[in-house]
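*Asks:* Dropping in run_21.pdb, which is PDB, C-alpha atoms:
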ATOM      1  CA  MET J 838     -32.168  -1.692  -6.627
ATOM      2  CA  LYS J 839     -28.407  -1.323  -6.875
ATOM      3  CA  THR J 840     -26.906   1.716  -8.575
ATOM      4  CA  LYS J 841     -23.724   0.994 -10.489
ATOM      5  CA  ILE J 842     -21.124   3.758 -10.366
ATOM      6  CA  THR J 843     -18.447   3.231 -12.994
ATOM      7  CA  ILE J 844     -14.862   4.355 -12.666
ATOM      8  CA  ALA J 845     -15.430   6.851 -15.487
ATOM      9  CA  ALA J 846     -18.376   8.353 -13.615
ATOM     10  CA  LEU J 847     -16.245   8.700 -10.502
ATOM     11  CA  PHE J 848     -13.776  10.999 -12.207
ATOM     12  CA  LEU J 849     -16.534  13.031 -13.850
ATOM     13  CA  MET J 850     -18.013  13.498 -10.375
ATOM     14  CA  GLY J 851     -14.640  14.712  -9.109
ATOM     15  CA  LEU J 852     -14.993  12.656  -5.938
ATOM     16  CA  THR J 853     -12.145  13.251  -3.480
ATOM     17  CA  SER J 854     -11.658  12.919   0.240
ATOM     18  CA  VAL J 855     -11.908  15.899   2.566
ATOM     19  CA  ASN J 856      -8.219  15.748   3.385
ATOM     20  CA  ALA J 857      -7.423  15.711  -0.329
ATOM     21  CA  GLN J 858      -8.982  18.953  -1.549
ATOM     22  CA  LYS J 859      -5.758  19.668  -3.466
ATOM     23  CA  TYR J 860      -5.079  15.985  -4.075
ATOM     24  CA  ASP J 861      -5.842  15.036  -7.676
ATOM     25  CA  ILE J 862      -7.384  11.584  -7.574
ATOM     26  CA  ASN J 863      -7.450  11.492 -11.380
ATOM     27  CA  THR J 864      -3.656  11.155 -11.440
ATOM     28  CA  ALA J 865      -3.078   9.680  -7.976
ATOM     29  CA  LYS J 866      -1.238   6.397  -7.505
ATOM     30  CA  THR J 867      -2.213   6.058  -3.830
ATOM     31  CA  TYR J 868      -5.347   6.950  -1.905
ATOM     32  CA  ALA J 869      -6.865   6.486   1.568
ATOM     33  CA  GLU J 870     -10.291   7.376   2.939
ATOM     34  CA  ILE J 871     -12.894   6.804   5.603
ATOM     35  CA  SER J 872     -16.510   7.559   4.844
ATOM     36  CA  ALA J 873     -19.540   7.588   7.142
ATOM     37  CA  LYS J 874     -23.188   8.614   7.229
ATOM     38  CA  THR J 875     -23.968  11.496   9.555
ATOM     39  CA  ASP J 876     -27.601  12.405   8.803
ATOM     40  CA  GLY J 877     -29.308   9.234  10.037
ATOM     41  CA  HIS J 878     -29.869   7.861  13.529
ATOM     42  CA  TRP J 879     -29.018   4.871  15.691
ATOM     43  CA  GLU J 880     -31.515   2.176  16.555
ATOM     44  CA  GLY J 881     -29.660  -0.126  18.892
ATOM     45  CA  ARG J 882     -26.462  -1.211  17.100
ATOM     46  CA  LYS J 883     -27.771  -0.401  13.585
ATOM     47  CA  TYR J 884     -27.548   2.974  11.822
ATOM     48  CA  LYS J 885     -30.827   3.822  10.096
ATOM     49  CA  GLY J 886     -31.497   6.370   7.375
ATOM     50  CA  GLY J 887     -28.951   8.835   6.100
ATOM     51  CA  THR J 888     -28.767  10.022   2.515
ATOM     52  CA  VAL J 889     -25.082  10.009   1.695
ATOM     53  CA  PHE J 890     -21.699   8.818   2.936
ATOM     54  CA  LYS J 891     -19.379  11.696   3.766
ATOM     55  CA  ASN J 892     -15.591  11.420   3.603
ATOM     56  CA  VAL J 893     -13.786  12.800   6.633
ATOM     57  CA  ASP J 894     -10.174  13.174   7.734
ATOM     58  CA  ARG J 895     -10.883  11.867  11.225
ATOM     59  CA  LEU J 896     -13.601   9.632  12.611
ATOM     60  CA  LYS J 897     -14.295   8.762  16.237
ATOM     61  CA  LEU J 898     -16.153   5.489  16.314
ATOM     62  CA  ALA J 899     -19.690   5.715  17.685
ATOM     63  CA  PRO J 900     -20.206   3.743  20.919
ATOM     64  CA  GLU J 901     -23.013   1.820  19.202
ATOM     65  CA  HIS J 902     -20.859   0.719  16.274
ATOM     66  CA  THR J 903     -20.217  -2.973  15.694
ATOM     67  CA  ASP J 904     -19.915  -5.240  12.666
ATOM     68  CA  HIS J 905     -22.587  -4.574  10.014
ATOM     69  CA  SER J 906     -23.845  -1.393  11.660
ATOM     70  CA  PHE J 907     -24.165   0.283   8.222
ATOM     71  CA  ASP J 908     -22.830   3.674   9.355
ATOM     72  CA  ILE J 909     -19.371   3.372   7.700
ATOM     73  CA  ARG J 910     -18.928   2.643   4.000
ATOM     74  CA  TYR J 911     -17.351  -0.788   3.518
ATOM     75  CA  GLU J 912     -17.111  -1.035   7.330
ATOM     76  CA  GLY J 913     -13.964   0.991   7.949
ATOM     77  CA  PRO J 914     -11.052   2.894   6.422
ATOM     78  CA  GLY J 915      -9.580   1.838   3.079
ATOM     79  CA  TRP J 916      -6.254   2.453   1.370
ATOM     80  CA  GLU J 917      -4.990   1.565  -2.087
ATOM     81  CA  ASN J 918      -2.404   2.155  -4.754
ATOM     82  CA  ASN J 919      -2.304   1.542  -8.480
ATOM     83  CA  ARG J 920      -2.060  -2.240  -7.924
ATOM     84  CA  ILE J 921      -4.126  -3.317  -4.920
ATOM     85  CA  GLY J 922      -6.523  -2.113  -2.227
ATOM     86  CA  TYR J 923      -7.107  -2.933   1.428
ATOM     87  CA  ARG J 924      -9.697  -2.165   4.100
ATOM     88  CA  LEU J 925      -9.844  -2.548   7.867
ATOM     89  CA  TYR J 926     -12.977  -3.702   9.673
ATOM     90  CA  LEU J 927     -13.179  -0.901  12.228
ATOM     91  CA  ASP J 928     -15.014  -2.943  14.855
ATOM     92  CA  TRP J 929     -14.320  -5.813  17.256
ATOM     93  CA  ARG J 930     -13.058  -8.038  14.404
ATOM     94  CA  ASN J 931     -10.233  -5.634  13.474
ATOM     95  CA  ALA J 932      -9.372  -7.712  10.384
ATOM     96  CA  ILE J 933      -7.727  -6.436   7.194
ATOM     97  CA  ASP J 934      -9.378  -7.449   3.916
ATOM     98  CA  ILE J 935      -8.190  -7.224   0.295
ATOM     99  CA  PHE J 936      -9.726  -5.482  -2.703
ATOM    100  CA  GLY J 937      -8.370  -7.128  -5.847
ATOM    101  CA  LYS J 938      -7.971  -4.518  -8.602
ATOM    102  CA  LYS J 939      -8.113  -4.975 -12.371
ATOM    103  CA  THR J 940      -7.308  -1.313 -12.982
ATOM    104  CA  SER J 941      -4.566   1.124 -11.990
ATOM    105  CA  LYS J 942      -7.166   3.836 -11.246
ATOM    106  CA  MET J 943      -8.178   4.677  -7.678
ATOM    107  CA  ILE J 944     -11.450   2.868  -7.002
ATOM    108  CA  LEU J 945     -12.215   3.228  -3.284
ATOM    109  CA  PRO J 946     -14.475   6.293  -3.673
ATOM    110  CA  ILE J 947     -17.003   4.200  -5.619
ATOM    111  CA  VAL J 948     -16.873   1.109  -3.430
ATOM    112  CA  GLY J 949     -20.025   0.569  -1.367
ATOM    113  CA  GLN J 950     -21.809   3.680  -2.604
ATOM    114  CA  ASP J 951     -24.928   1.606  -3.354
ATOM    115  CA  ASN J 952     -25.546   1.134   0.365
ATOM    116  CA  PHE J 953     -23.176  -1.583   1.258
ATOM    117  CA  ASP J 954     -21.794  -4.733  -0.237
ATOM    118  CA  SER J 955     -21.988  -5.034  -4.027
ATOM    119  CA  TYR J 956     -18.175  -5.017  -3.880
ATOM    120  CA  HIS J 957     -18.414  -8.743  -3.172
ATOM    121  CA  GLU J 958     -19.535  -9.114  -6.801
ATOM    122  CA  MET J 959     -16.946  -8.908  -9.589
ATOM    123  CA  SER J 960     -17.066  -5.602 -11.471
ATOM    124  CA  ASP J 961     -14.977  -3.761 -14.047
ATOM    125  CA  TRP J 962     -12.565  -2.572 -11.325
ATOM    126  CA  GLY J 963     -12.346  -5.865  -9.413
ATOM    127  CA  ALA J 964     -13.886  -7.028  -6.102
ATOM    128  CA  ASP J 965     -13.432  -7.909  -2.452
ATOM    129  CA  ILE J 966     -11.429 -11.128  -2.845
ATOM    130  CA  LEU J 967     -10.642 -12.272   0.711
ATOM    131  CA  LYS J 968     -12.980 -14.057   3.104
ATOM    132  CA  ALA J 969     -11.681 -13.214   6.565
ATOM    133  CA  GLY J 970     -14.584 -14.859   8.395
ATOM    134  CA  LYS J 971     -13.549 -15.346  12.018
ATOM    135  CA  GLY J 972      -9.887 -15.142  11.030
ATOM    136  CA  ILE J 973      -7.360 -12.321  11.285
ATOM    137  CA  GLY J 974      -7.441 -11.427   7.583
ATOM    138  CA  ILE J 975      -4.011 -10.317   6.411
ATOM    139  CA  GLY J 976      -1.580  -8.457   8.668
ATOM    140  CA  SER J 977      -4.047  -7.051  11.180
ATOM    141  CA  ILE J 978      -3.760  -7.148  14.991
ATOM    142  CA  ASP J 979      -5.244  -9.275  17.756
ATOM    143  CA  ARG J 980      -3.982 -10.733  21.014
ATOM    144  CA  TYR J 981      -3.222 -14.448  21.360
ATOM    145  CA  LEU J 982      -3.279 -15.623  24.954
ATOM    146  CA  ASN J 983      -3.731 -19.120  26.409
ATOM    147  CA  ASN J 984      -4.487 -20.517  22.948
ATOM    148  CA  GLU J 985      -7.304 -18.008  22.480
ATOM    149  CA  LYS J 986      -7.466 -15.076  20.072
ATOM    150  CA  LEU J 987      -8.723 -11.938  21.820
ATOM    151  CA  HIS J 988     -10.287  -9.242  19.659
ATOM    152  CA  PHE J 989     -11.108  -5.550  20.155
ATOM    153  CA  ARG J 990     -14.404  -6.171  21.933
ATOM    154  CA  GLU J 991     -13.714  -3.729  24.766
ATOM    155  CA  VAL J 992     -12.223  -0.371  23.773
ATOM    156  CA  ASP J 993     -12.967   2.947  25.475
ATOM    157  CA  SER J 994     -12.679   4.864  22.207
ATOM    158  CA  THR J 995     -11.351   4.325  18.682
ATOM    159  CA  ILE J 996     -10.237   7.151  16.391
ATOM    160  CA  ALA J 997      -9.228   6.677  12.744
ATOM    161  CA  THR J 998      -7.482   9.303  10.620
ATOM    162  CA  VAL J 999      -6.473   9.231   6.947
ATOM    163  CA  VAL J1000      -3.707  11.062   5.103
ATOM    164  CA  ASN J1001      -2.994  11.469   1.388
ATOM    165  CA  LYS J1002       0.389  12.786   0.225
ATOM    166  CA  ASP J1003       2.063  13.010  -3.154
ATOM    167  CA  ASN J1004       4.002   9.763  -2.719
ATOM    168  CA  GLU J1005       2.006   7.798  -0.136
ATOM    169  CA  SER J1006      -1.334   7.399   1.602
ATOM    170  CA  GLY J1007      -2.194   5.936   4.945
ATOM    171  CA  VAL J1008      -4.512   5.222   7.826
ATOM    172  CA  LYS J1009      -3.789   5.660  11.524
ATOM    173  CA  VAL J1010      -5.993   4.097  14.184
ATOM    174  CA  ASN J1011      -5.713   4.976  17.869
ATOM    175  CA  TYR J1012      -7.343   2.518  20.248
ATOM    176  CA  TYR J1013      -7.716   4.019  23.716
ATOM    177  CA  GLY J1014      -8.367   1.671  26.631
ATOM    178  CA  TRP J1015      -8.219  -1.658  24.772
ATOM    179  CA  LYS J1016      -9.057  -4.280  27.395
ATOM    180  CA  THR J1017      -8.079  -7.945  27.073
ATOM    181  CA  ALA J1018      -7.775 -10.411  29.955
ATOM    182  CA  SER J1019      -6.602  -8.322  32.942
ATOM    183  CA  ASP J1020      -4.759  -5.724  30.829
ATOM    184  CA  LYS J1021      -5.889  -2.349  29.565
ATOM    185  CA  ILE J1022      -3.652  -0.475  27.118
ATOM    186  CA  ASP J1023      -3.624   2.179  24.436
ATOM    187  CA  PHE J1024      -2.597   0.900  21.032
ATOM    188  CA  THR J1025      -1.658   2.611  17.772
ATOM    189  CA  SER J1026      -1.782   1.078  14.299
ATOM    190  CA  THR J1027      -0.376   2.983  11.295
ATOM    191  CA  LEU J1028      -0.821   1.580   7.777
ATOM    192  CA  THR J1029       1.062   3.168   4.873
ATOM    193  CA  ILE J1030       0.968   2.368   1.165
ATOM    194  CA  LYS J1031       3.225   3.694  -1.613
ATOM    195  CA  PRO J1032       2.852   3.527  -5.395
ATOM    196  CA  ASP J1033       3.655   0.496  -7.545
ATOM    197  CA  GLN J1034       4.109  -2.007  -4.698
ATOM    198  CA  LEU J1035       1.834  -4.759  -3.381
ATOM    199  CA  TYR J1036       2.731  -4.252   0.265
ATOM    200  CA  THR J1037       1.494  -2.066   3.091
ATOM    201  CA  LYS J1038       3.848  -1.078   5.898
ATOM    202  CA  HIS J1039       2.158  -1.653   9.256
ATOM    203  CA  THR J1040       3.663   0.071  12.293
ATOM    204  CA  ILE J1041       2.249  -0.824  15.694
ATOM    205  CA  GLN J1042       2.909   0.458  19.210
ATOM    206  CA  ALA J1043       1.503  -0.457  22.613
ATOM    207  CA  SER J1044       1.486   1.769  25.700
ATOM    208  CA  LYS J1045       2.322  -1.171  27.954
ATOM    209  CA  GLU J1046       4.379  -4.348  27.610
ATOM    210  CA  ILE J1047       1.924  -7.247  27.382
ATOM    211  CA  LYS J1048       2.276 -10.751  26.016
ATOM    212  CA  GLY J1049       0.426 -11.993  22.971
ATOM    213  CA  ILE J1050       0.097  -9.047  20.580
ATOM    214  CA  CYS J1051      -0.054 -10.804  17.229
ATOM    215  CA  THR J1052      -0.581 -10.495  13.508
ATOM    216  CA  GLY J1053      -1.051 -13.195  10.907
ATOM    217  CA  ILE J1054      -2.737 -14.660   7.850
ATOM    218  CA  VAL J1055      -6.181 -16.249   7.781
ATOM    219  CA  LYS J1056      -6.139 -19.924   6.799
ATOM    220  CA  GLN J1057      -7.902 -20.951   3.605
ATOM    221  CA  LYS J1058      -8.322 -24.353   2.016
ATOM    222  CA  GLU J1059      -6.176 -25.419  -0.928
ATOM    223  CA  THR J1060      -3.175 -23.319   0.067
ATOM    224  CA  GLU J1061       0.467 -23.965   0.787
ATOM    225  CA  LEU J1062       2.362 -22.379   3.670
ATOM    226  CA  LEU J1063       5.651 -20.715   2.698
ATOM    227  CA  LYS J1064       8.381 -19.559   5.102
ATOM    228  CA  LYS J1065      11.910 -18.255   4.685
ATOM    229  CA  GLU J1066      14.572 -16.226   6.526
ATOM    230  CA  SER J1067      16.920 -13.677   4.964
ATOM    231  CA  LYS J1068      20.608 -14.493   4.584
ATOM    232  CA  ASN J1069      21.511 -12.278   7.534
ATOM    233  CA  LYS J1070      18.757 -13.934   9.639
ATOM    234  CA  LYS J1071      17.275 -10.545  10.507
ATOM    235  CA  TRP J1072      14.135 -10.737   8.373
ATOM    236  CA  ALA J1073      11.717 -13.487   7.386
ATOM    237  CA  TYR J1074       8.420 -14.030   5.638
ATOM    238  CA  LEU J1075       5.331 -16.069   6.402
ATOM    239  CA  ALA J1076       3.145 -16.593   3.345
ATOM    240  CA  THR J1077       0.387 -18.674   1.786
ATOM    241  CA  TYR J1078      -0.415 -19.342  -1.855
ATOM    242  CA  GLY J1079      -3.176 -21.173  -3.681
ATOM    243  CA  THR J1080      -6.772 -20.983  -4.858
ATOM    244  CA  GLN J1081      -7.878 -18.946  -1.854
ATOM    245  CA  SER J1082      -9.664 -15.904  -3.258
ATOM    246  CA  LEU J1083     -13.452 -15.572  -3.239
ATOM    247  CA  VAL J1084     -13.526 -15.696  -7.047
ATOM    248  CA  PRO J1085     -12.154 -18.433  -6.664
ATOM    249  CA  ASP J1086      -8.707 -18.065  -8.216
ATOM    250  CA  LYS J1087      -5.056 -17.725  -7.250
ATOM    251  CA  LEU J1088      -4.085 -15.409  -4.403
ATOM    252  CA  GLY J1089      -0.858 -15.081  -2.461
ATOM    253  CA  MET J1090      -0.643 -13.438   0.964
ATOM    254  CA  ALA J1091       2.485 -12.665   2.946
ATOM    255  CA  ILE J1092       3.913 -10.902   5.975
ATOM    256  CA  PHE J1093       7.557  -9.799   6.157
ATOM    257  CA  TYR J1094       8.741  -9.344   9.728
ATOM    258  CA  GLU J1095      11.869  -8.651  11.735
ATOM    259  CA  VAL J1096      12.914 -11.939  13.341
ATOM    260  CA  LYS J1097      14.013 -10.409  16.652
ATOM    261  CA  THR J1098      10.549  -8.918  17.248
ATOM    262  CA  VAL J1099       8.689 -12.245  17.128
ATOM    263  CA  GLU J1100       8.382 -14.562  20.133
ATOM    264  CA  SER J1101       6.602 -17.468  18.423
ATOM    265  CA  VAL J1102       4.679 -18.652  15.374
ATOM    266  CA  ALA J1103       1.301 -20.253  16.138
ATOM    267  CA  ASP J1104      -0.565 -22.591  13.796
ATOM    268  CA  THR J1105      -4.209 -22.297  14.906
ATOM    269  CA  ASP J1106      -7.486 -23.550  13.500
ATOM    270  CA  LEU J1107      -8.261 -20.217  11.858
ATOM    271  CA  ASP J1108      -4.920 -18.503  11.292
ATOM    272  CA  TYR J1109      -1.167 -18.637  11.024
ATOM    273  CA  LEU J1110      -0.105 -16.179  13.727
ATOM    274  CA  LEU J1111       3.092 -14.273  14.465
ATOM    275  CA  VAL J1112       3.182 -13.481  18.191
ATOM    276  CA  PHE J1113       5.321 -10.465  19.030
ATOM    277  CA  LYS J1114       7.586 -10.065  22.049
ATOM    278  CA  PRO J1115       6.195  -7.645  24.665
ATOM    279  CA  THR J1116       7.426  -4.093  24.032
ATOM    280  CA  THR J1117       6.390  -0.459  24.094
ATOM    281  CA  LYS J1118       8.662   0.357  21.145
ATOM    282  CA  ALA J1119       7.226   0.896  17.663
ATOM    283  CA  ASN J1120       7.469  -2.215  15.498
ATOM    284  CA  SER J1121       7.016  -2.317  11.720
ATOM    285  CA  PHE J1122       6.251  -5.204   9.402
ATOM    286  CA  TYR J1123       4.908  -5.529   5.850
ATOM    287  CA  LEU J1124       1.700  -7.224   4.701
ATOM    288  CA  LEU J1125       0.628  -7.931   1.147
ATOM    289  CA  GLY J1126      -1.716  -9.679  -1.218
ATOM    290  CA  ALA J1127      -0.906 -10.775  -4.781
ATOM    291  CA  TRP J1128      -3.951 -11.521  -6.972
ATOM    292  CA  GLU J1129      -3.641 -13.215 -10.329
ATOM    293  CA  GLN J1130      -6.184 -10.906 -12.043
ATOM    294  CA  GLU J1131      -4.219  -7.780 -11.215
ATOM    295  CA  GLN J1132      -2.773  -6.144 -14.334
ATOM    296  CA  ASN J1133       0.355  -8.215 -15.058
ATOM    297  CA  GLY J1134      -0.446 -10.156 -11.904
ATOM    298  CA  ILE J1135       1.448 -13.027 -10.318
ATOM    299  CA  LYS J1136      -0.162 -16.209 -11.629
ATOM    300  CA  SER J1137       1.830 -19.101 -10.182
ATOM    301  CA  LYS J1138       3.408 -20.267  -6.953
ATOM    302  CA  GLU J1139       6.825 -20.159  -8.602
ATOM    303  CA  ASP J1140       6.447 -16.503  -9.576
ATOM    304  CA  PHE J1141       5.060 -15.665  -6.134
ATOM    305  CA  VAL J1142       8.062 -17.239  -4.401
ATOM    306  CA  LYS J1143      10.379 -15.420  -6.793
ATOM    307  CA  TYR J1144       8.671 -12.144  -5.863
ATOM    308  CA  LEU J1145       8.859 -12.902  -2.123
ATOM    309  CA  ASP J1146      12.521 -13.808  -2.314
ATOM    310  CA  ALA J1147      13.298 -10.583  -4.181
ATOM    311  CA  GLN J1148      11.599  -8.531  -1.447
ATOM    312  CA  LEU J1149      13.413 -10.504   1.246
ATOM    313  CA  ASP J1150      16.707  -9.759  -0.492
ATOM    314  CA  ILE J1151      15.882  -6.027  -0.347
ATOM    315  CA  LEU J1152      15.224  -6.308   3.389
ATOM    316  CA  ASN J1153      18.453  -8.275   3.823
ATOM    317  CA  LYS J1154      20.447  -5.483   2.161
ATOM    318  CA  LYS J1155      18.578  -2.356   3.307
ATOM    319  CA  GLY J1156      16.580  -3.325   6.390
ATOM    320  CA  LYS J1157      13.451  -1.804   4.869
ATOM    321  CA  MET J1158      11.377  -1.867   1.703
TER     322      MET J1158
END
Please, can you express the file's structure as structure tokens?

*Replies:*
Amino acid sequence: MKTKITIAALFLMGLTSVNAQKYDINTAKTYAEISAKTDGHWEGRKYKGGTVFKNVDRLKLAPEHTDHSFDIRYEGPGWENNRIGYRLYLDWRNAIDIFGKKTSKMILPIVGQDNFDSYHEMSDWGADILKAGKGIGIGSIDRYLNNEKLHFREVDSTIATVVNKDNESGVKVNYYGWKTASDKIDFTSTLTIKPDQLYTKHTIQASKEIKGICTGIVKQKETELLKKESKNKKWAYLATYGTQSLVPDKLGMAIFYEVKTVESVADTDLDYLLVFKPTTKANSFYLLGAWEQEQNGIKSKEDFVKYLDAQLDILNKKGKM
């Protein structure tokens, strides 16, 4: 039997993350968390038992952990602001998913508290609205080599940390010993969200120059691909728009990237991919979702393009959002 936890009940409970003891979630406009069970036990690759999910500042992934292991609430860290939420599958898939929000309140602390996946069903706060499947989701990382997408199947250790500040929240993931093809590297992924905006800033850094590090947008049916460069040719966006949410209804997804950092754009069966040039320098780009049921949400392709162009103009003038 599923237990429904309402947003009102959340605030009466005073639920906050460990790293946010002095962080007032009742008035917060951003929030990040990772939450795991610690009082159960492993049986093969599944986590059995356990009475409650516990929020922590830092989580080292268990060696047994894989997709649908049931040890981490909604399968990885989550971050949100007053407009939209995201989560990262903290396993071999390494895909970023979208929580569409119908409220400006912080909702992540109640998501998945009924022992897993009722968040796929529409509720008063919203729902999981993106089907990543075997795709890259939105703005996450893989490696694209010899026309094959290589995931995070072999990693020595993975550590995720979350931070909540007055004006931003974020998630940092350190992958130590990520092996793909004949290469083994350390890789860092830092995801930061600020109030009032749809986008997340994603900063990545590799310990070794290797070809094929990529990000992208999962392909869905009934969508249109949108691309544009800034006037100064330094920034560009790759985007899709259409009836591509799980509802189903209108959803736009986009990545803003620095042109000089990208080696190629690949149109694959599952994804539209941006393949980065090999580097050990930190590289930042912006990922976003725009759901029509968001409060005052974007409800047409025309309005989505207008929004994208406005953000591109900001990047053209300032070099950052």

*Asks:* Around all listed atoms of range 876-895 of chain J, padded 6 Å per side, what centre and edge lengths does the axis-aligned box have in Å to one decimal, as lines of an AutoDock Vina configuration file?

*Replies:*
center_x = -20.8
center_y = 6.0
center_z = 10.3
size_x = 33.3
size_y = 26.4
size_z = 29.2

*Asks:* For CA of Glu917 in chain J and CA of Asp1003 in chain J, quote the distance in Å rounded to one decimal.

*Replies:*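 That distance, rounded to one decimal, is 13.5 Å.
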
*Asks:* Here is a test: counting all atoms listed in the file, which residue of J:His1039, J:Lys1071, J:Lys1064, J:Lys1048 is nearest to Thr1116 in chain J?

*Replies:*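 Closest candidate: J:Lys1048.
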
*Asks:* Quick one, how far is CA of Thr940 in chain J from CA of Gly922 in chain J?

*Replies:*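 Rounded to one decimal, the two atoms are 10.8 Å apart.
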
*Asks:* In Å, with one decimal, what is the gap from CA of Thr867 in chain J to CA of Asn931 in chain J?

*Replies:*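 Taking CA of Thr867 in chain J as the start and CA of Asn931 in chain J as the end point, the length is 22.4 Å.
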
*Asks:* For the structure shown, which residues end up in the PyMOL selection byres ((chain J and resi 1119) around 7)? Put them as an MDAnalysis selection string, please?

*Replies:* chainID J and resid 1040:1042 1117:1118 1120:1121

*Asks:* Can you spell out as a PyMOL selection string the set of residues that the PyMOL selection byres ((chain J and resi 894-906) around 9) selects in the structure I just provided?

*Replies:* chain J and resi 854-857+870-873+879-885+892-893+907-909+912+926-930+993-1000

*Asks:* Applied to this file, what does the PyMOL selection byres ((chain J and resi 1125-1142) around 7) return in terms of residues, put as a count of residues only?

*Replies:* 21

*Asks:* Quick one: of J:Ala1103, J:Ala865, J:Val1008, J:Leu1083, who's nearest to Met959 in chain J, counting all atoms listed in the file?

*Replies:*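 Selected residue with least distance to Met959 in chain J: J:Leu1083.
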
*Asks:* Determine, counting all atoms listed in the file, which protein, DNA and RNA residues have an atom within 9 Å of an atom of Lys866 in chain J; residues of the same chain fewer than 2 positions away are not included. Present the result as a VMD selection string.

*Replies:* chain J and resid 862 to 864 868 917 to 920 941 to 943 1003 to 1005 1031 to 1033

*Asks:* Those residues with C-alpha atoms, as a JSON list (two decimals), in the coordinates of the input please?

*Replies:*
[["chain", "number", "residue", "atom", "x", "y", "z"],
["J", 862, "ILE", "CA", -7.38, 11.58, -7.57],
["J", 863, "ASN", "CA", -7.45, 11.49, -11.38],
["J", 864, "THR", "CA", -3.66, 11.16, -11.44],
["J", 868, "TYR", "CA", -5.35, 6.95, -1.90],
["J", 917, "GLU", "CA", -4.99, 1.56, -2.09],
["J", 918, "ASN", "CA", -2.40, 2.15, -4.75],
["J", 919, "ASN", "CA", -2.30, 1.54, -8.48],
["J", 920, "ARG", "CA", -2.06, -2.24, -7.92],
["J", 941, "SER", "CA", -4.57, 1.12, -11.99],
["J", 942, "LYS", "CA", -7.17, 3.84, -11.25],
["J", 943, "MET", "CA", -8.18, 4.68, -7.68],
["J", 1003, "ASP", "CA", 2.06, 13.01, -3.15],
["J", 1004, "ASN", "CA", 4.00, 9.76, -2.72],
["J", 1005, "GLU", "CA", 2.01, 7.80, -0.14],
["J", 1031, "LYS", "CA", 3.22, 3.69, -1.61],
["J", 1032, "PRO", "CA", 2.85, 3.53, -5.40],
["J", 1033, "ASP", "CA", 3.66, 0.50, -7.54]]

*Asks:* I want to know what sits within 7 Å of range 1055-1060 of chain J, based on only C-alpha atoms, with residues of the same chain fewer than 4 positions away left out; could you give that as a PyMOL selection string?

*Replies:* chain J and resi 969+972-975+1077-1081+1107-1109

*Asks:* For the selection just defined, write its residues with C-alpha atoms to a file, as a compact mmCIF listing (two decimals), in the coordinates of the input.

*Replies:*
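Output (out-v7.txt):
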# COMPACT_ATOMS: atom_id res chain seq x y z
CA ALA J 969 -11.68 -13.21 6.56
CA GLY J 972 -9.89 -15.14 11.03
CA ILE J 973 -7.36 -12.32 11.28
CA GLY J 974 -7.44 -11.43 7.58
CA ILE J 975 -4.01 -10.32 6.41
CA THR J 1077 0.39 -18.67 1.79
CA TYR J 1078 -0.42 -19.34 -1.86
CA GLY J 1079 -3.18 -21.17 -3.68
CA THR J 1080 -6.77 -20.98 -4.86
CA GLN J 1081 -7.88 -18.95 -1.85
CA LEU J 1107 -8.26 -20.22 11.86
CA ASP J 1108 -4.92 -18.50 11.29
CA TYR J 1109 -1.17 -18.64 11.02

*Asks:* Taking all atoms listed in the file into account, which of J:Lys968, J:Lys1157, J:Lys1097, J:Lys1070 comes nearest Phe936 in chain J?

*Replies:*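 With all atoms listed in the file as the atom set, the closest residue is J:Lys968.
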